[in-house]
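The structure file target27.txt is reproduced below (compact mmCIF, C-alpha atoms).
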# COMPACT_ATOMS: atom_id res chain seq x y z
CA MET A 15 0.00 0.00 0.00
CA LEU A 16 3.01 2.32 -0.31
CA TRP A 17 3.33 4.64 -3.28
CA VAL A 18 6.32 5.69 -5.33
CA PRO A 19 7.16 9.41 -5.03
CA ALA A 20 6.12 11.31 -8.15
CA VAL A 21 9.08 12.21 -10.36
CA LEU A 22 8.59 15.92 -10.90
CA ALA A 23 11.04 18.83 -11.11
CA GLN A 24 11.12 21.31 -8.24
CA GLU A 25 13.03 24.33 -7.09
CA GLY A 26 16.46 23.72 -5.58
CA PHE A 27 17.23 20.47 -7.40
CA GLU A 28 16.42 18.65 -10.59
CA LEU A 29 14.67 15.30 -10.68
CA GLY A 30 14.59 13.30 -13.89
CA ASP A 31 17.85 11.54 -14.67
CA THR A 32 19.21 12.08 -11.15
CA ILE A 33 16.42 10.01 -9.57
CA GLY A 34 16.33 6.26 -10.08
CA SER A 35 13.32 4.22 -11.17
CA ASN A 36 13.66 2.01 -8.07
CA VAL A 37 12.13 3.14 -4.78
CA PHE A 38 12.40 1.73 -1.26
CA ASN A 39 9.69 2.73 1.24
CA ILE A 40 9.54 2.02 4.95
CA GLU A 41 6.88 3.19 7.39
CA LEU A 42 5.76 2.96 11.00
CA GLN A 43 2.07 2.83 11.87
CA VAL A 44 0.53 3.33 15.34
CA GLY A 45 -3.17 3.08 16.02
CA GLN A 46 -6.09 0.98 17.20
CA ALA A 47 -7.13 -2.56 16.23
CA ASP A 48 -10.65 -3.92 16.73
CA TYR A 49 -11.60 -7.59 16.45
CA ALA A 50 -14.96 -9.36 16.64
CA GLU A 51 -16.17 -12.85 15.84
CA THR A 52 -19.66 -14.31 15.72
CA VAL A 53 -20.36 -17.95 16.67
CA SER A 54 -23.47 -19.33 14.98
CA ILE A 55 -23.84 -22.73 16.68
CA ALA A 56 -24.80 -21.02 19.96
CA PRO A 57 -25.15 -17.30 19.17
CA VAL A 58 -22.16 -15.74 20.90
CA ARG A 59 -20.19 -12.68 19.86
CA SER A 60 -16.74 -11.56 21.00
CA GLU A 61 -15.52 -7.96 21.14
CA TRP A 62 -11.92 -6.77 21.59
CA ASP A 63 -9.79 -3.70 20.87
CA ALA A 64 -6.14 -2.92 21.55
CA THR A 65 -3.23 -0.64 20.64
CA PHE A 66 -1.70 -1.59 17.29
CA VAL A 67 1.85 -1.06 15.92
CA ARG A 68 2.95 -2.07 12.42
CA LEU A 69 6.27 -1.85 10.58
CA ALA A 70 5.88 -2.05 6.79
CA GLY A 71 8.17 -1.75 3.81
CA ASP A 72 8.22 -2.29 0.07
CA LEU A 73 10.57 -2.20 -2.89
CA VAL A 74 9.29 -0.94 -6.24
CA PHE A 75 11.39 -1.48 -9.35
CA GLU A 76 10.93 -1.31 -13.10
CA ALA A 77 10.53 -4.75 -14.69
CA ARG A 78 9.92 -3.83 -18.34
CA ASP A 79 8.69 -0.43 -19.37
CA PRO A 80 5.95 0.47 -18.50
CA VAL A 81 5.46 -2.43 -16.03
CA GLN A 82 6.68 -2.10 -12.44
CA LEU A 83 6.95 -4.78 -9.75
CA ARG A 84 6.43 -4.30 -6.03
CA LEU A 85 7.65 -6.55 -3.21
CA GLN A 86 5.87 -5.76 0.03
CA ALA A 87 6.22 -6.99 3.63
CA SER A 88 4.81 -5.95 7.00
CA PHE A 89 4.64 -7.09 10.60
CA PHE A 90 2.34 -5.95 13.41
CA VAL A 91 1.83 -6.48 17.14
CA THR A 92 -0.86 -5.43 19.59
CA ASP A 93 -0.85 -5.09 23.34
CA SER A 94 -2.88 -7.42 25.57
CA ALA A 95 -6.45 -6.30 26.21
CA GLN A 96 -9.68 -7.76 27.56
CA GLU A 97 -11.97 -9.66 25.21
CA GLN A 98 -15.65 -9.95 26.12
CA TRP A 99 -18.01 -12.69 24.96
CA ARG A 100 -21.73 -11.89 24.88
CA GLU A 101 -24.61 -14.34 24.69
CA ALA A 102 -28.10 -12.84 24.30
CA ASN A 103 -26.45 -9.47 24.95
CA VAL A 104 -25.18 -10.65 28.36
CA VAL A 105 -21.45 -10.92 29.09
CA SER A 106 -20.82 -14.65 29.51
CA GLN A 107 -17.00 -14.79 29.53
CA VAL A 108 -13.97 -12.49 29.62
CA ASN A 109 -10.32 -13.19 28.85
CA ARG A 110 -7.10 -11.44 27.83
CA MET A 111 -6.01 -11.51 24.18
CA ASP A 112 -3.13 -10.20 22.10
CA SER A 113 -2.34 -10.59 18.42
CA THR A 114 0.56 -10.56 15.97
CA GLY A 115 0.60 -10.82 12.21
CA ALA A 116 2.62 -10.55 9.02
CA GLU A 117 2.05 -10.10 5.30
CA LEU A 118 4.09 -10.79 2.16
CA GLY A 119 2.93 -9.60 -1.24
CA LEU A 120 3.95 -9.33 -4.88
CA ASP A 121 2.20 -6.94 -7.28
CA GLY A 122 2.58 -5.71 -10.84
CA GLY A 123 1.66 -2.16 -11.79
CA VAL A 124 1.12 -0.01 -14.86
CA PRO A 125 0.51 3.75 -15.19
CA LEU A 126 -3.11 4.59 -16.02
CA ALA A 127 -2.83 8.35 -16.30
CA LYS A 128 -0.11 10.97 -16.02
CA GLY A 129 -0.22 14.75 -16.11
CA GLU A 130 1.78 17.79 -15.10
CA ARG A 131 0.30 17.86 -11.59
CA GLY A 132 -0.40 14.21 -10.87
CA ASP A 133 -0.59 10.60 -11.91
CA LEU A 134 -2.60 7.41 -11.38
CA MET A 135 -1.24 3.86 -11.11
CA GLY A 136 -3.00 0.48 -11.19
CA TRP A 137 -1.68 -2.55 -9.30
CA ALA A 138 -2.72 -6.23 -9.11
CA GLY A 139 -1.14 -9.23 -7.40
CA PHE A 140 -1.12 -11.86 -4.67
CA ALA A 141 -0.45 -11.81 -0.93
CA TYR A 142 -0.04 -14.16 2.02
CA ARG A 143 -1.22 -13.09 5.48
CA ASN A 144 -1.06 -14.71 8.88
CA HIS A 145 -2.58 -13.67 12.18
CA SER A 146 -1.83 -15.27 15.53
CA PHE A 147 -3.97 -14.78 18.62
CA GLU A 148 -3.33 -15.90 22.18
CA ARG A 149 -6.11 -15.93 24.77
CA SER A 150 -5.46 -16.37 28.50
CA ARG A 151 -6.91 -15.63 31.96
CA PHE A 152 -10.37 -16.94 31.07
CA ARG A 153 -13.19 -16.14 33.49
CA SER A 154 -16.83 -17.13 33.13
CA THR A 155 -19.50 -14.74 34.40
CA LEU A 156 -22.38 -17.23 34.16
CA GLY A 157 -20.90 -20.41 35.63
CA PRO A 158 -17.72 -22.11 36.83
CA ASP A 159 -14.44 -20.81 35.48
CA PRO A 160 -13.20 -22.60 32.35
CA GLY A 161 -10.68 -25.29 33.19
CA PHE A 162 -7.98 -24.53 30.64
CA GLY A 163 -5.00 -22.24 30.31
CA PRO A 164 -3.74 -20.12 27.40
CA VAL A 165 -5.19 -20.97 23.98
CA GLY A 166 -3.46 -20.08 20.74
CA GLU A 167 -5.02 -19.64 17.32
CA ARG A 168 -3.46 -18.92 13.91
CA TYR A 169 -5.00 -17.82 10.62
CA ASP A 170 -3.21 -18.37 7.30
CA LEU A 171 -4.70 -16.52 4.33
CA LEU A 172 -4.05 -16.35 0.58
CA LEU A 173 -5.61 -13.53 -1.42
CA VAL A 174 -5.65 -11.82 -4.79
CA ARG A 175 -5.83 -8.04 -4.78
CA ALA A 176 -6.10 -4.91 -6.92
CA GLU A 177 -5.21 -1.32 -6.10
CA LEU A 178 -5.48 2.21 -7.45
CA ALA A 179 -2.86 4.71 -6.27
CA GLY A 180 -2.48 8.33 -7.22
CA SER A 181 -0.42 11.43 -6.50
CA LEU A 182 -1.31 15.12 -6.76
CA MET A 183 1.26 17.94 -6.68
CA LEU A 184 0.32 20.88 -4.44
CA SER A 185 3.67 22.64 -4.85
CA PRO A 186 7.10 21.68 -6.24
CA THR A 187 7.96 20.02 -2.92
CA LEU A 188 4.54 19.03 -1.52
CA PHE A 189 2.28 16.19 -2.69
CA VAL A 190 -0.90 14.40 -1.68
CA ASP A 191 -0.74 10.61 -2.14
CA ALA A 192 -3.79 8.33 -1.89
CA ALA A 193 -4.47 4.64 -2.51
CA GLY A 194 -7.29 2.13 -2.18
CA GLN A 195 -6.94 -1.65 -2.31
CA ILE A 196 -9.42 -4.54 -2.38
CA GLY A 197 -8.55 -8.22 -1.98
CA TYR A 198 -10.44 -11.51 -2.12
CA VAL A 199 -9.44 -14.37 0.22
CA PHE A 200 -9.51 -17.57 -1.85
CA PHE A 201 -7.95 -19.77 0.86
CA SER A 202 -8.02 -19.55 4.65
CA ARG A 203 -6.84 -21.94 7.33
CA ALA A 204 -7.62 -21.61 11.04
CA ASN A 205 -5.68 -23.68 13.57
CA ASN A 206 -6.95 -23.54 17.16
CA ASP A 207 -5.14 -25.32 20.03
CA LEU A 208 -8.44 -26.71 21.34
CA LEU A 209 -10.59 -27.15 18.23
CA GLY A 210 -8.07 -28.18 15.59
CA VAL A 211 -7.88 -27.10 11.95
CA ILE A 212 -10.51 -25.83 9.52
CA GLU A 213 -9.76 -24.89 5.90
CA THR A 214 -12.20 -22.79 3.92
CA SER A 215 -12.37 -19.68 1.70
CA GLY A 216 -14.23 -16.43 1.37
CA GLY A 217 -13.80 -12.93 2.69
CA VAL A 218 -12.49 -9.54 1.67
CA VAL A 219 -9.58 -7.33 2.66
CA LEU A 220 -9.90 -3.56 2.21
CA GLU A 221 -7.02 -1.10 2.69
CA SER A 222 -6.80 2.65 2.13
CA ARG A 223 -4.34 5.41 2.85
CA LEU A 224 -4.00 9.18 2.54
CA ASP A 225 -0.63 10.95 2.88
CA LEU A 226 0.90 14.38 2.74
CA ARG A 227 4.43 14.01 1.31
CA TRP A 228 7.36 16.36 1.39
CA GLN A 229 10.07 15.76 -1.23
CA LEU A 230 13.31 16.58 0.60
CA ASP A 231 15.62 16.26 -2.41
CA GLU A 232 15.99 14.18 -5.55
CA ARG A 233 16.26 10.94 -3.58
CA HIS A 234 14.57 11.35 -0.19
CA ALA A 235 10.97 12.01 0.83
CA LEU A 236 9.01 12.02 4.09
CA ALA A 237 5.26 11.49 4.38
CA ALA A 238 2.68 11.38 7.16
CA GLY A 239 -0.90 10.22 6.91
CA LEU A 240 -3.79 7.96 7.84
CA ARG A 241 -4.28 4.20 7.34
CA LEU A 242 -7.60 2.32 7.37
CA GLY A 243 -7.92 -1.45 7.03
CA VAL A 244 -10.66 -4.08 7.23
CA GLN A 245 -10.23 -7.86 7.07
CA ASP A 246 -13.66 -9.54 6.97
CA LEU A 247 -13.44 -13.34 6.80
CA ASP A 248 -16.12 -15.96 6.25
CA GLY A 249 -16.05 -18.82 8.73
CA ASP A 250 -17.13 -22.43 8.35
CA VAL A 251 -18.78 -25.24 10.33
CA LYS A 252 -17.59 -28.84 9.96
CA ARG A 253 -18.87 -32.11 11.36
CA LEU A 254 -16.00 -34.34 12.48
CA SER A 255 -15.86 -37.99 13.55
CA PRO A 256 -18.21 -38.78 16.47
CA VAL A 257 -16.68 -39.24 19.92
CA ARG A 258 -17.71 -41.54 22.80
CA ASP A 259 -17.69 -40.37 26.43
CA LEU A 260 -16.76 -42.47 29.49
CA ALA A 261 -20.35 -43.64 29.89
CA GLY A 262 -20.42 -45.00 26.35
CA ASN A 263 -22.62 -42.27 24.88
CA VAL A 264 -21.78 -41.20 21.33
CA PHE A 265 -21.79 -37.49 20.47
CA ASP A 266 -21.47 -35.68 17.19
CA ARG A 267 -18.41 -33.46 17.10
CA ILE A 268 -19.03 -30.13 15.38
CA VAL A 269 -16.30 -27.53 15.04
CA GLU A 270 -16.84 -23.94 13.95
CA TRP A 271 -14.45 -21.27 12.78
CA PRO A 272 -16.60 -18.18 13.32
CA ASP A 273 -17.07 -15.29 10.91
CA ASN A 274 -14.60 -12.66 12.07
CA ARG A 275 -13.65 -9.06 11.37
CA PHE A 276 -10.34 -7.28 12.09
CA GLU A 277 -10.30 -3.48 11.68
CA VAL A 278 -7.39 -1.05 11.97
CA ILE A 279 -7.12 2.72 12.05
CA ALA A 280 -3.63 4.20 12.38
CA VAL A 281 -1.43 7.19 11.72
CA ALA A 282 1.75 6.53 9.72
CA LEU A 283 5.14 8.10 9.11
CA ARG A 284 6.95 6.99 5.92
CA TRP A 285 10.41 7.51 4.47
CA SER A 286 11.14 6.91 0.77
CA TYR A 287 14.49 6.53 -0.96
CA SER A 288 14.86 6.52 -4.77
CA PHE A 289 17.88 4.99 -6.48

Reformat the file's structure so that it appears as structure tokens.
Amino acid sequence: MLWVPAVLAQEGFELGDTIGSNVFNIELQVGQADYAETVSIAPVRSEWDATFVRLAGDLVFEARDPVQLRLQASFFVTDSAQEQWREANVVSQVNRMDSTGAELGLDGGVPLAKGERGDLMGWAGFAYRNHSFERSRFRSTLGPDPGFGPVGERYDLLLVRAELAGSLMLSPTLFVDAAGQIGYVFFSRANNDLLGVIETSGGVVLESRLDLRWQLDERHALAAGLRLGVQDLDGDVKRLSPVRDLAGNVFDRIVEWPDNRFEVIAVALRWSYSF
């Protein structure tokens, strides 16, 4: 989701041949993450929010004129915060939860429009995402405390995505950059320490950004702006092999990976280097 600085001449230095077609971007994001999941077997909904920090970077280089390639990577962490579970709008359980995640992506891009004061670029590609959650300190508000310790869960996602990114020159050294991205999750895998593994598909990933960029010289730029992200995944319910209890009774074993939604809003500071 990081954009290449526009190559435009400005007072004090000349762009053009002095600036390379390759750009390295790195940015730090700090904000708030919100997570919720909805269990359909017995209608229960979880709610959680925590402080969010992400480090992201990408490398954009010219493959064959006019095509560009972009390698992108990011990693995020959250602090530990209380998660509440509600059943019939009554809090039934609370616990602590924190999350980490990473993303790797490869995109190809072509210019769609270019003018004296701005340009527009189109991107399309693939990405891999993973999210890890750890829940601990469970406490039931409706009955005895759950009899288990920390529980880990990991999501692995594969998605295809498309993006529009543009830049508008306000002055020779000041630019507005904006981008919007949409992705479709064609494979997802949830692995829970207690419930096991479910593989399914379906869901969307939406990302957007808005930056104000200052071109320091022909190679360096600084930008600050806003990041918004939504990851909305479809869950699945699977019937597994029946189990028999100590009394000899046979029970169906049904496992659900709930529908879930992970939202982020953050401010970002980005440095770009052209070579």

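Pairwise distance (CA of Asp225 (chain A), CA of Ala138 (chain A)) equals 21.1 Å.
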
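Minimum atom-to-atom distances from A:Tyr142, A:Leu184, A:Arg223, A:Gln229 to Gly197 (chain A) were compared using only C-alpha atoms, and the lowest value belongs to A:Tyr142.
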
Proximity check region 183-240 of chain A to region 157-171 of chain A, 9 Å, nearest pairs one decimal Å, only C-alpha atoms, as CSV:
residue,atom,partner,partner_atom,distance
A:Val199,CA,A:Leu171,CA,6.6
A:Phe200,CA,A:Leu171,CA,7.9
A:Phe201,CA,A:Leu171,CA,5.8
A:Ser202,CA,A:Leu171,CA,4.5
A:Arg203,CA,A:Asp170,CA,5.1
A:Ala204,CA,A:Tyr169,CA,4.6
A:Asn205,CA,A:Arg168,CA,5.3
A:Asn206,CA,A:Glu167,CA,4.4
A:Asp207,CA,A:Gly166,CA,5.5
A:Leu208,CA,A:Val165,CA,7.1
A:Ser215,CA,A:Leu171,CA,8.7

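Considering all atoms listed in the file, the residue among A:Val269, A:Phe147, A:Leu283, A:Lys252 positioned nearest to Ala235 (chain A) is A:Leu283.
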
Can you tell me, as a short mmCIF file (atom, residue, chain, number, x, y, z; two decimals) with C-alpha atoms, keeping the file's coordinate frame, what residues are no more than 6 Å from region 43-51 of chain A when counting all atoms listed in the file, ignoring any on the same chain fewer than 2 positions away?
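Generated output (part19.cif):
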data_model
loop_
_atom_site.label_atom_id
_atom_site.label_comp_id
_atom_site.auth_asym_id
_atom_site.auth_seq_id
_atom_site.Cartn_x
_atom_site.Cartn_y
_atom_site.Cartn_z
CA ARG A 59 -20.19 -12.68 19.86
CA SER A 60 -16.74 -11.56 21.00
CA GLU A 61 -15.52 -7.96 21.14
CA TRP A 62 -11.92 -6.77 21.59
CA ASP A 63 -9.79 -3.70 20.87
CA ALA A 64 -6.14 -2.92 21.55
CA THR A 65 -3.23 -0.64 20.64
CA PHE A 66 -1.70 -1.59 17.29
CA VAL A 67 1.85 -1.06 15.92
CA ARG A 68 2.95 -2.07 12.42
CA PRO A 272 -16.60 -18.18 13.32
CA ASP A 273 -17.07 -15.29 10.91
CA ASN A 274 -14.60 -12.66 12.07
CA ARG A 275 -13.65 -9.06 11.37
CA PHE A 276 -10.34 -7.28 12.09
CA GLU A 277 -10.30 -3.48 11.68
CA VAL A 278 -7.39 -1.05 11.97
CA ILE A 279 -7.12 2.72 12.05
CA ALA A 280 -3.63 4.20 12.38
CA VAL A 281 -1.43 7.19 11.72
CA ALA A 282 1.75 6.53 9.72
#

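Among the candidates A:Gly132, A:Val91, A:Arg233, A:Thr52, the residue lying nearest to Val190 (chain A) is A:Gly132 (atoms considered: all atoms listed in the file).
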
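Our summary of the geometry notes that CA of Gly129 (chain A) is positioned 19.8 Å from CA of Leu224 (chain A).
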
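Between Val53 (chain A) and the candidates A:Val104, A:Val251, A:Leu182, A:Leu173, the tightest atom-to-atom separation, counting all atoms listed in the file, involves A:Val251.
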
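Using all atoms listed in the file, the nearest neighbour of Ser106 (chain A) within the list A:Leu178, A:Asp121, A:Gly139, A:Leu156 is A:Leu156.
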
What does the distance between CA of Arg175 (chain A) and CA of Ser288 (chain A) come to in Å, to one decimal place?
25.3 Å

Using all atoms listed in the file, which of the listed residues (A:Asn263, A:Val174, A:Ser150, A:Leu226) sits closest to Thr187 (chain A)?
A:Leu226

Spatial neighbours of Leu118 (chain A), 8 Å, all atoms listed in the file, chain gap at least 5 places, as a compact mmCIF listing (two decimals) with C-alpha atoms, keeping the file's coordinate frame:
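And here's selection-v3.txt as it stands now:
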# COMPACT_ATOMS: atom_id res chain seq x y z
CA LEU A 85 7.65 -6.55 -3.21
CA GLN A 86 5.87 -5.76 0.03
CA ALA A 87 6.22 -6.99 3.63
CA SER A 88 4.81 -5.95 7.00
CA ALA A 141 -0.45 -11.81 -0.93
CA TYR A 142 -0.04 -14.16 2.02
CA ARG A 143 -1.22 -13.09 5.48

Counting all atoms listed in the file, what is within 9 Å of Thr114 (chain A), bar same-chain residues fewer than 2 positions away, as a PyMOL selection string?
chain A and resi 89-92+112+116+144-147

Pick out the residues sitting within 7 Å of Met111 (chain A), and hand them over as number ranges by chain; count all atoms listed in the file, and ignore anything fewer than 4 positions along from it in its own chain.
A: 94-97, 147-150

Fewer than 4 positions away in the same chain doesn't count, so skip those; otherwise give me all residues within 10 Å of Ala127 (chain A), counting all atoms listed in the file, as number ranges by chain.
A: 132-136, 180

Selected residues written out, C-alpha atoms, as a short mmCIF file (atom, residue, chain, number, x, y, z; two decimals), in the frame of the given file:
data_model
loop_
_atom_site.label_atom_id
_atom_site.label_comp_id
_atom_site.auth_asym_id
_atom_site.auth_seq_id
_atom_site.Cartn_x
_atom_site.Cartn_y
_atom_site.Cartn_z
CA GLY A 132 -0.40 14.21 -10.87
CA ASP A 133 -0.59 10.60 -11.91
CA LEU A 134 -2.60 7.41 -11.38
CA MET A 135 -1.24 3.86 -11.11
CA GLY A 136 -3.00 0.48 -11.19
CA GLY A 180 -2.48 8.33 -7.22
#
